[in-house]
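Data file: run11.txt. Format and content: compact mmCIF, C-alpha atoms.
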# COMPACT_ATOMS: atom_id res chain seq x y z
CA MET T 26 147.24 300.87 115.92
CA LYS T 27 149.80 298.43 114.46
CA ARG T 28 148.56 294.88 114.05
CA ILE T 29 150.63 291.80 114.89
CA LEU T 30 149.82 288.16 114.19
CA ILE T 31 151.21 285.64 116.71
CA VAL T 32 151.56 282.15 115.24
CA ASP T 33 152.24 279.43 117.80
CA ASP T 34 150.65 276.11 118.71
CA ALA T 35 151.38 276.58 122.44
CA ALA T 36 148.56 278.48 124.10
CA THR T 37 150.74 279.70 126.98
CA VAL T 38 153.31 281.13 124.59
CA ARG T 39 150.60 282.93 122.62
CA MET T 40 149.24 284.40 125.86
CA TYR T 41 152.72 285.46 126.96
CA HIS T 42 153.49 287.19 123.66
CA ARG T 43 150.04 288.74 123.52
CA ASN T 44 150.48 290.11 127.04
CA ILE T 45 153.80 291.75 126.13
CA LEU T 46 152.58 293.19 122.85
CA GLU T 47 149.18 294.43 124.01
CA THR T 48 150.76 296.08 127.04
CA ALA T 49 153.01 297.94 124.60
CA GLY T 50 149.98 299.15 122.65
CA TYR T 51 149.76 296.75 119.72
CA ALA T 52 146.66 295.02 118.43
CA VAL T 53 147.19 291.25 118.44
CA GLU T 54 145.65 288.38 116.51
CA GLU T 55 146.51 284.70 117.02
CA ALA T 56 146.86 281.61 114.86
CA VAL T 57 147.60 278.09 116.12
CA ASN T 58 149.47 276.80 113.07
CA GLY T 59 150.78 277.84 109.68
CA ILE T 60 147.58 277.00 107.84
CA GLU T 61 145.46 279.23 110.05
CA ALA T 62 148.10 281.95 109.88
CA LEU T 63 148.14 281.83 106.12
CA GLU T 64 144.37 282.11 105.93
CA LYS T 65 144.36 285.08 108.28
CA SER T 66 147.26 286.85 106.61
CA LEU T 67 145.65 286.55 103.19
CA GLN T 68 142.35 287.94 104.50
CA GLN T 69 143.65 290.66 106.80
CA SER T 70 146.51 293.10 106.84
CA PHE T 71 149.25 292.78 109.48
CA ASP T 72 152.26 294.95 110.25
CA LEU T 73 154.31 292.09 111.72
CA PHE T 74 154.33 288.34 112.31
CA VAL T 75 155.74 286.55 115.35
CA VAL T 76 156.07 282.96 114.19
CA ASP T 77 157.04 279.73 115.95
CA ILE T 78 158.91 277.12 113.91
CA ASN T 79 157.59 273.81 115.24
CA MET T 80 153.88 273.59 114.63
CA PRO T 81 151.60 270.81 113.40
CA LYS T 82 149.93 270.91 109.97
CA LEU T 83 152.17 273.68 108.57
CA ASP T 84 155.33 274.75 110.37
CA GLY T 85 156.76 278.25 110.57
CA TYR T 86 159.09 277.79 107.61
CA GLY T 87 156.26 276.54 105.43
CA PHE T 88 154.03 279.43 106.46
CA LEU T 89 156.64 282.07 105.69
CA ARG T 90 157.70 280.49 102.41
CA GLU T 91 154.09 280.32 101.28
CA LEU T 92 153.35 283.85 102.45
CA ARG T 93 156.44 285.25 100.73
CA SER T 94 155.39 283.60 97.48
CA GLN T 95 151.99 285.32 97.51
CA ASP T 96 151.27 288.54 95.70
CA VAL T 97 150.24 290.39 98.86
CA ALA T 98 151.74 293.15 100.98
CA GLN T 99 154.63 291.58 102.87
CA ALA T 100 155.04 292.38 106.55
CA PRO T 101 158.27 291.58 108.40
CA ALA T 102 158.49 288.45 110.53
CA ILE T 103 160.18 287.46 113.77
CA MET T 104 160.74 283.72 113.95
CA VAL T 105 161.02 282.14 117.40
CA SER T 106 162.14 278.67 118.34
CA THR T 107 163.30 276.65 121.29
CA GLU T 108 166.13 275.16 119.30
CA ALA T 109 169.28 277.10 120.03
CA GLU T 110 171.73 274.46 118.92
CA SER T 111 170.50 273.65 115.43
CA ASN T 112 170.67 275.46 112.11
CA ASP T 113 167.19 276.82 112.51
CA HIS T 114 168.30 280.44 112.37
CA ILE T 115 169.80 279.91 108.91
CA ARG T 116 166.68 278.18 107.66
CA ALA T 117 164.51 280.87 109.26
CA TYR T 118 166.21 283.63 107.29
CA ALA T 119 166.11 281.51 104.13
CA ALA T 120 162.34 281.08 104.58
CA GLY T 121 161.84 284.83 104.80
CA ALA T 122 162.23 285.75 108.47
CA ASN T 123 163.71 289.14 109.31
CA VAL T 124 164.77 288.30 112.86
CA TYR T 125 165.35 284.98 114.65
CA MET T 126 164.90 284.75 118.41
CA VAL T 127 165.40 281.84 120.78
CA LYS T 128 162.57 281.06 123.20
CA PRO T 129 161.74 282.05 125.79
CA VAL T 130 162.01 285.63 124.59
CA LYS T 131 162.57 288.45 127.05
CA PRO T 132 159.88 291.14 126.82
CA ASP T 133 162.30 294.02 126.26
CA GLN T 134 164.18 292.11 123.53
CA LEU T 135 160.98 291.22 121.74
CA LEU T 136 159.76 294.82 121.88
CA ILE T 137 163.05 296.21 120.56
CA ASN T 138 162.85 293.90 117.56
CA VAL T 139 159.17 294.68 117.02
CA LYS T 140 159.79 298.42 117.08
CA LEU T 141 162.76 298.15 114.72
CA LEU T 142 160.88 296.01 112.22
CA ILE T 143 157.73 298.10 112.33
CA GLY T 144 159.79 301.25 111.91
CA GLU T 145 159.06 302.79 115.26
CA ALA T 146 162.68 302.83 116.34
CA CYS T 147 166.06 303.15 114.70
CA LEU T 148 169.45 301.69 115.49
CA MET S 8 141.06 268.14 83.74
CA ALA S 9 138.29 265.71 84.69
CA PHE S 10 139.55 263.23 82.10
CA ILE S 11 143.04 263.35 83.53
CA LYS S 12 141.74 262.74 87.03
CA THR S 13 139.68 259.74 85.94
CA HIS S 14 142.56 258.28 84.02
CA SER S 15 144.85 258.84 86.94
CA ALA S 16 142.45 257.14 89.34
CA GLN S 17 142.21 254.12 87.06
CA SER S 18 145.99 253.95 86.80
CA ILE S 19 146.36 254.01 90.53
CA SER S 20 143.92 251.16 90.91
CA GLU S 21 145.55 249.12 88.16
CA ASP S 22 149.08 249.87 89.33
CA GLU S 23 148.14 248.88 92.82
CA ARG S 24 147.24 245.34 91.89
CA LYS S 25 149.59 244.79 88.96
CA GLN S 26 152.28 243.25 91.10
CA PRO S 27 151.69 240.29 93.41
CA ARG S 28 150.98 241.75 96.84
CA ASN S 29 153.49 239.71 98.78
CA CYS S 30 155.62 241.37 101.42
CA GLU S 31 158.84 241.12 99.49
CA ASN S 32 157.39 242.89 96.44
CA LEU S 33 155.78 245.55 98.57
CA GLU S 34 159.07 246.34 100.27
CA ALA S 35 160.73 246.62 96.86
CA GLU S 36 157.99 248.98 95.70
CA LEU S 37 158.92 251.45 98.42
CA ASP S 38 161.78 252.38 96.07
CA ASN S 39 159.56 252.78 93.03
CA PRO S 40 159.93 256.23 91.41
CA ASN S 41 156.16 256.62 91.27
CA PRO S 42 154.88 258.06 94.59
CA THR S 43 151.48 256.48 94.05
CA THR S 44 153.05 253.04 93.90
CA ARG S 45 155.10 253.80 97.02
CA ARG S 46 152.01 255.01 98.81
CA TRP S 47 150.07 251.82 98.04
CA ALA S 48 153.04 249.70 99.05
CA ALA S 49 153.39 251.55 102.36
CA ARG S 50 149.69 251.10 103.00
CA ASP S 51 149.63 247.38 102.18
CA LEU S 52 152.79 246.65 104.17
CA VAL S 53 150.72 247.09 107.30
CA ASP S 54 149.72 243.44 106.81
CA CYS S 55 153.35 242.30 106.84
CA PRO S 56 154.45 241.67 110.42
CA LYS S 57 158.12 242.37 109.75
CA ALA S 58 157.58 245.44 107.55
CA SER S 59 158.71 247.97 110.16
CA VAL S 60 162.37 247.60 109.20
CA ALA S 61 161.69 248.48 105.56
CA LEU S 62 159.24 251.26 106.44
CA VAL S 63 161.59 252.84 108.95
CA SER S 64 164.58 252.71 106.64
CA HIS S 65 162.51 254.35 103.90
CA LEU S 66 160.96 257.01 106.12
CA GLU S 67 163.84 259.48 106.36
CA GLN S 68 164.57 259.43 102.63
CA GLU S 69 160.94 259.75 101.52
CA GLU S 70 160.31 263.25 100.19
CA ASP S 71 156.66 262.90 99.21
CA VAL S 72 154.53 264.06 102.15
CA SER S 73 151.58 261.84 101.27
CA VAL S 74 153.78 258.73 101.12
CA ARG S 75 155.42 259.71 104.41
CA GLU S 76 152.02 260.07 106.03
CA VAL S 77 151.04 256.56 104.95
CA ILE S 78 154.37 255.14 106.18
CA LEU S 79 153.78 256.77 109.57
CA THR S 80 150.22 255.45 109.69
CA SER S 81 151.46 251.92 108.92
CA LEU S 82 154.22 252.21 111.53
CA THR S 83 151.68 253.42 114.07
CA THR S 84 149.43 250.47 113.29
CA LEU S 85 152.33 248.00 113.46
CA GLY S 86 153.51 249.69 116.68
CA ASP S 87 156.30 247.20 117.33
CA GLU S 88 159.70 247.88 118.83
CA VAL S 89 161.31 248.65 115.47
CA ALA S 90 158.50 251.02 114.50
CA VAL S 91 158.76 252.94 117.77
CA ALA S 92 162.56 253.10 117.54
CA GLY S 93 162.23 254.47 114.00
CA LEU S 94 159.83 257.14 115.17
CA VAL S 95 162.19 258.05 118.00
CA ASN S 96 165.01 258.51 115.49
CA CYS S 97 162.86 260.98 113.59
CA LEU S 98 162.87 263.25 116.65
CA SER S 99 166.53 264.00 115.93
CA SER S 100 165.88 264.69 112.26
CA GLU S 101 166.68 268.10 110.79
CA GLY S 102 163.38 267.96 108.90
CA VAL S 103 160.75 269.88 110.85
CA ALA S 104 157.85 268.25 109.02
CA LEU S 105 159.15 264.73 109.63
CA ARG S 106 159.78 265.51 113.31
CA ASN S 107 156.27 266.87 113.75
CA GLU S 108 154.74 263.94 111.90
CA ALA S 109 156.68 261.52 114.12
CA ILE S 110 155.51 263.35 117.25
CA GLU S 111 151.90 263.09 116.10
CA ALA S 112 152.37 259.38 115.32
CA MET S 113 153.94 258.66 118.71
CA LYS S 114 151.04 260.35 120.47
CA GLN S 115 148.89 257.54 119.09
CA LEU S 116 151.00 254.83 120.76
CA PRO S 117 150.71 255.40 124.52
CA ASP S 118 151.39 251.80 125.53
CA GLU S 119 154.37 251.43 123.22
CA VAL S 120 155.87 254.85 123.93
CA ALA S 121 155.36 254.86 127.70
CA PRO S 122 158.18 252.35 128.45
CA ILE S 123 160.72 254.50 126.59
CA MET S 124 159.43 257.87 127.76
CA ARG S 125 161.84 258.08 130.68
CA LYS S 126 164.71 257.42 128.27
CA LEU S 127 163.45 260.09 125.88
CA LEU S 128 163.13 262.59 128.70
CA ALA S 129 166.75 261.86 129.64
CA ASP S 130 168.11 262.18 126.07
CA ALA S 131 171.33 264.18 125.83
CA ASN S 132 169.77 266.42 123.17
CA PRO S 133 167.47 269.03 124.78
CA ASP S 134 165.46 269.30 121.57
CA VAL S 135 164.58 265.60 121.80
CA ARG S 136 163.53 266.13 125.43
CA ILE S 137 161.30 269.02 124.32
CA PHE S 138 159.71 266.82 121.65
CA ALA S 139 159.22 264.10 124.28
CA VAL S 140 157.27 266.60 126.38
CA ASN S 141 155.28 267.52 123.26
CA ILE S 142 154.38 263.84 122.88
CA LEU S 143 153.11 263.78 126.47
CA GLU S 144 150.58 266.44 125.51
CA SER S 145 148.26 263.88 123.96
CA LEU S 146 149.66 260.67 125.41
CA ARG S 147 146.81 259.39 127.50
CA HIS S 148 148.83 257.71 130.22
CA PRO S 149 148.49 257.83 134.01
CA ASP S 150 152.15 258.79 134.53
CA VAL S 151 152.07 261.97 132.44
CA GLU S 152 151.85 264.36 135.39
CA ALA S 153 154.59 262.52 137.31
CA TRP S 154 156.90 262.69 134.28
CA LEU S 155 156.26 266.40 133.87
CA ILE S 156 156.95 267.08 137.53
CA GLU S 157 160.19 265.14 137.22
CA VAL S 158 161.14 267.33 134.26
CA ILE S 159 160.55 270.65 136.00
CA GLU S 160 162.34 269.41 139.13
CA ASN S 161 165.42 267.98 137.41
CA ASP S 162 165.91 269.05 133.81
CA PRO S 163 168.76 271.56 133.51
CA HIS S 164 167.51 273.10 130.25
CA LEU S 165 165.24 276.14 130.50
CA ASN S 166 163.18 275.37 127.41
CA VAL S 167 162.53 271.77 128.40
CA CYS S 168 161.15 273.04 131.72
CA ALA S 169 159.20 275.78 129.94
CA THR S 170 157.54 273.24 127.65
CA ALA S 171 156.68 271.02 130.62
CA VAL S 172 155.16 273.93 132.53
CA ASP S 173 152.86 274.70 129.60
CA LEU S 174 151.52 271.18 129.78
CA LEU S 175 151.26 271.11 133.57
CA GLY S 176 148.84 274.00 133.19
CA GLU S 177 146.58 271.56 131.38
CA VAL S 178 147.10 268.28 133.24
CA GLY S 179 148.60 269.35 136.56
CA SER S 180 146.93 268.64 139.89
CA PHE S 181 147.69 269.72 143.45
CA ALA S 182 150.80 267.50 143.30
CA ALA S 183 152.39 269.91 140.83
CA LYS S 184 151.97 272.96 143.05
CA GLU S 185 155.16 272.74 145.13
CA PRO S 186 157.35 271.72 142.16
CA LEU S 187 156.01 274.72 140.22
CA LEU S 188 156.85 277.04 143.09
CA ARG S 189 160.36 275.58 143.26
CA LEU S 190 160.75 276.07 139.51
CA LYS S 191 159.71 279.70 139.87
CA ALA S 192 162.35 280.16 142.54
CA ARG S 193 165.00 278.44 140.40
CA TYR S 194 164.26 280.65 137.39
CA PHE S 195 163.32 283.81 139.25
CA GLU S 196 164.83 285.99 136.52
CA GLU S 197 163.05 284.30 133.62
CA PRO S 198 159.85 286.19 132.77
CA TYR S 199 158.40 283.35 130.71
CA ILE S 200 158.79 280.78 133.49
CA GLN S 201 157.20 283.19 135.96
CA PHE S 202 154.30 283.80 133.56
CA ALA S 203 153.73 280.15 132.64
CA ALA S 204 154.14 278.82 136.20
CA ASP S 205 151.77 281.47 137.58
CA LEU S 206 149.23 280.54 134.93
CA ALA S 207 149.57 276.81 135.72
CA LEU S 208 149.24 277.49 139.46
CA LYS S 209 146.15 279.62 138.86
CA ILE S 210 144.50 276.84 136.86
CA ILE S 211 145.44 274.21 139.46
CA ASN S 212 144.11 276.38 142.30
CA GLU S 213 140.84 276.95 140.42
CA ASP S 214 140.42 273.20 139.96
Written form, structure tokens:
Amino acid sequence: MKRILIVDDAATVRMYHRNILETAGYAVEEAVNGIEALEKSLQQSFDLFVVDINMPKLDGYGFLRELRSQDVAQAPAIMVSTEAESNDHIRAYAAGANVYMVKPVKPDQLLINVKLLIGEACL
Amino acid sequence: MAFIKTHSAQSISEDERKQPRNCENLEAELDNPNPTTRRWAARDLVDCPKASVALVSHLEQEEDVSVREVILTSLTTLGDEVAVAGLVNCLSSEGVALRNEAIEAMKQLPDEVAPIMRKLLADANPDVRIFAVNILESLRHPDVEAWLIEVIENDPHLNVCATAVDLLGEVGSFAAKEPLLRLKARYFEEPYIQFAADLALKIINED
């Protein structure tokens, strides 16, 4: 079973994403900020990250930049944010995200991106 | 390594007190190239009643996280009109870290932030309105629920409402029930709103 780490400080968002992903058959772990996500991703293996940008302690950019600089297996990442009108998508890709999505994500759109990034679907 | 640390600690202590600690000197030291000196200056400026102007003007340009943290702590302690206005400005910053730090600082100032909360929640920039809702998360103030209800009833931006619903799940009472149902009806095609509002209603009903 593919493993996905959801990184978001909002409990409701984590529950929403977990609900979508578990219903689709993925195993889900959660982290509430970039620091916790980094600890988990260095201890465990994940097939994908779903990462919020705005988080206390270490934001999504910081988490991805730090993760990408580590000598560990690199899983793809979907970065999600509420900010549709800023340059966040550019900074997300620069930090190492593979896909940028604006919250709130639609279940089918999230699953399409997950499947593409995990290699379970093709364009 | 231990030697370097000891030496460094001594230098900090000596540097700190080398200059006379009057307010004018401390403000000037905010521009010192040495972050340690800037950090001490930012810390000591908390005793200068008019220091908020200098601290605020330095905040956005400060790149050292530890200095920024001390500036925010001093601004939070000063808590005057200039300090709060400076923190509000940070909400529009492109820097995610600075924005988050400002949000955390503003959560510590319920009495000072409360009078401007309505203005923040009416800001033209939806991102600022979202950050304002984030501030409400820890702002221990009796009007928090009323503000959140106002947001979900009136705010035209989906994500502002979504952020408010998350919080209503935590602080909402029976008064939030009808507004949540109206929000669900307004965004009947938005799965997240349906999910979050249902969750909030469930928690409210259980209470």
Using only C-alpha atoms, which of T:Gln134, T:Thr48, T:Asn58, T:Ser70 sits nearest Ile29 (chain T)? T:Ser70
Out of S:Val158, S:Met124, S:Ala109, S:Val151, which residue has the shortest atom-to-atom distance to chain T when counting only C-alpha atoms?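 Closest residue, counting only C-alpha atoms: S:Ala109.
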Show me, as a PyMOL selection string, the residues of chain T whose atoms get within 8 Å of chain S, using all atoms listed in the file for the distance check. chain T and resi 35-37+41+79-81+83-84+107-108+128-132
Tell me, as JSON, numbers by chain, which residues lie within 7 Å of Leu190 (chain S), counting all atoms listed in the file; anything in the same chain fewer than 4 positions away does not count. {"S": [159, 160, 186, 194]}
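Nearest residue to Asp34 (chain T), choosing from S:Glu144, S:Leu33, S:Thr83, S:Val178 and counting all atoms listed in the file: S:Glu144.
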May I ask for the distance between CA of Ser180 (chain S) and CA of Ile211 (chain S), given in Å to one decimal place? 5.8 Å
Using all atoms listed in the file, the best pick from S:Arg136, S:His148, S:Lys57, S:Arg50 as closest to Ala90 (chain S) would be S:Lys57
Complete the atom set of region 41-73 of chain T to N, CA and C atoms and return it as a CSV table (one decimal), keeping the file's coordinate frame.
chain,number,residue,atom,x,y,z
T,41,TYR,N,151.6,284.7,126.5
T,41,TYR,CA,152.7,285.5,127.0
T,41,TYR,C,153.1,286.6,126.0
T,42,HIS,N,153.2,286.2,124.7
T,42,HIS,CA,153.5,287.2,123.7
T,42,HIS,C,152.4,288.2,123.5
T,43,ARG,N,151.2,287.8,123.6
T,43,ARG,CA,150.0,288.7,123.5
T,43,ARG,C,150.1,289.8,124.7
T,44,ASN,N,150.4,289.3,125.9
T,44,ASN,CA,150.5,290.1,127.0
T,44,ASN,C,151.5,291.2,126.9
T,45,ILE,N,152.7,290.8,126.3
T,45,ILE,CA,153.8,291.8,126.1
T,45,ILE,C,153.4,292.8,125.1
T,46,LEU,N,152.8,292.3,124.0
T,46,LEU,CA,152.6,293.2,122.8
T,46,LEU,C,151.4,294.1,123.1
T,47,GLU,N,150.3,293.6,123.7
T,47,GLU,CA,149.2,294.4,124.0
T,47,GLU,C,149.5,295.5,125.1
T,48,THR,N,150.3,295.1,126.0
T,48,THR,CA,150.8,296.1,127.0
T,48,THR,C,151.5,297.2,126.4
T,49,ALA,N,152.2,296.9,125.3
T,49,ALA,CA,153.0,297.9,124.6
T,49,ALA,C,152.2,298.7,123.6
T,50,GLY,N,150.9,298.4,123.5
T,50,GLY,CA,150.0,299.2,122.6
T,50,GLY,C,149.7,298.6,121.3
T,51,TYR,N,150.0,297.3,121.0
T,51,TYR,CA,149.8,296.8,119.7
T,51,TYR,C,148.5,296.0,119.7
T,52,ALA,N,147.8,295.9,118.6
T,52,ALA,CA,146.7,295.0,118.4
T,52,ALA,C,147.1,293.6,118.0
T,53,VAL,N,146.6,292.6,118.7
T,53,VAL,CA,147.2,291.2,118.4
T,53,VAL,C,146.1,290.3,118.0
T,54,GLU,N,146.5,289.5,117.0
T,54,GLU,CA,145.6,288.4,116.5
T,54,GLU,C,146.5,287.1,116.7
T,55,GLU,N,145.8,286.0,116.8
T,55,GLU,CA,146.5,284.7,117.0
T,55,GLU,C,146.2,283.7,116.0
T,56,ALA,N,147.1,282.8,115.7
T,56,ALA,CA,146.9,281.6,114.9
T,56,ALA,C,147.6,280.4,115.5
T,57,VAL,N,147.0,279.2,115.4
T,57,VAL,CA,147.6,278.1,116.1
T,57,VAL,C,148.5,277.2,115.2
T,58,ASN,N,148.5,277.5,114.0
T,58,ASN,CA,149.5,276.8,113.1
T,58,ASN,C,149.6,277.6,111.8
T,59,GLY,N,150.5,277.1,110.9
T,59,GLY,CA,150.8,277.8,109.7
T,59,GLY,C,149.6,278.0,108.7
T,60,ILE,N,148.7,277.0,108.7
T,60,ILE,CA,147.6,277.0,107.8
T,60,ILE,C,146.6,278.1,108.3
T,61,GLU,N,146.4,278.2,109.6
T,61,GLU,CA,145.5,279.2,110.0
T,61,GLU,C,146.1,280.6,109.9
T,62,ALA,N,147.4,280.7,110.1
T,62,ALA,CA,148.1,282.0,109.9
T,62,ALA,C,148.0,282.4,108.4
T,63,LEU,N,148.2,281.5,107.5
T,63,LEU,CA,148.1,281.8,106.1
T,63,LEU,C,146.8,282.4,105.7
T,64,GLU,N,145.7,281.7,106.2
T,64,GLU,CA,144.4,282.1,105.9
T,64,GLU,C,144.1,283.5,106.5
T,65,LYS,N,144.6,283.8,107.7
T,65,LYS,CA,144.4,285.1,108.3
T,65,LYS,C,145.2,286.2,107.6
T,66,SER,N,146.4,285.8,107.2
T,66,SER,CA,147.3,286.8,106.6
T,66,SER,C,146.9,287.2,105.2
T,67,LEU,N,146.1,286.3,104.5
T,67,LEU,CA,145.6,286.6,103.2
T,67,LEU,C,144.3,287.3,103.2
T,68,GLN,N,143.6,287.2,104.4
T,68,GLN,CA,142.4,287.9,104.5
T,68,GLN,C,142.5,289.3,105.2
T,69,GLN,N,143.5,289.4,106.0
T,69,GLN,CA,143.6,290.7,106.8
T,69,GLN,C,145.1,291.2,106.6
T,70,SER,N,145.2,292.5,107.0
T,70,SER,CA,146.5,293.1,106.8
T,70,SER,C,147.2,293.1,108.2
T,71,PHE,N,148.5,292.7,108.2
T,71,PHE,CA,149.2,292.8,109.5
T,71,PHE,C,150.5,293.6,109.3
T,72,ASP,N,151.0,294.2,110.3
T,72,ASP,CA,152.3,295.0,110.2
T,72,ASP,C,153.5,294.1,110.6
T,73,LEU,N,153.2,292.9,111.3
T,73,LEU,CA,154.3,292.1,111.7
T,73,LEU,C,153.8,290.7,112.1
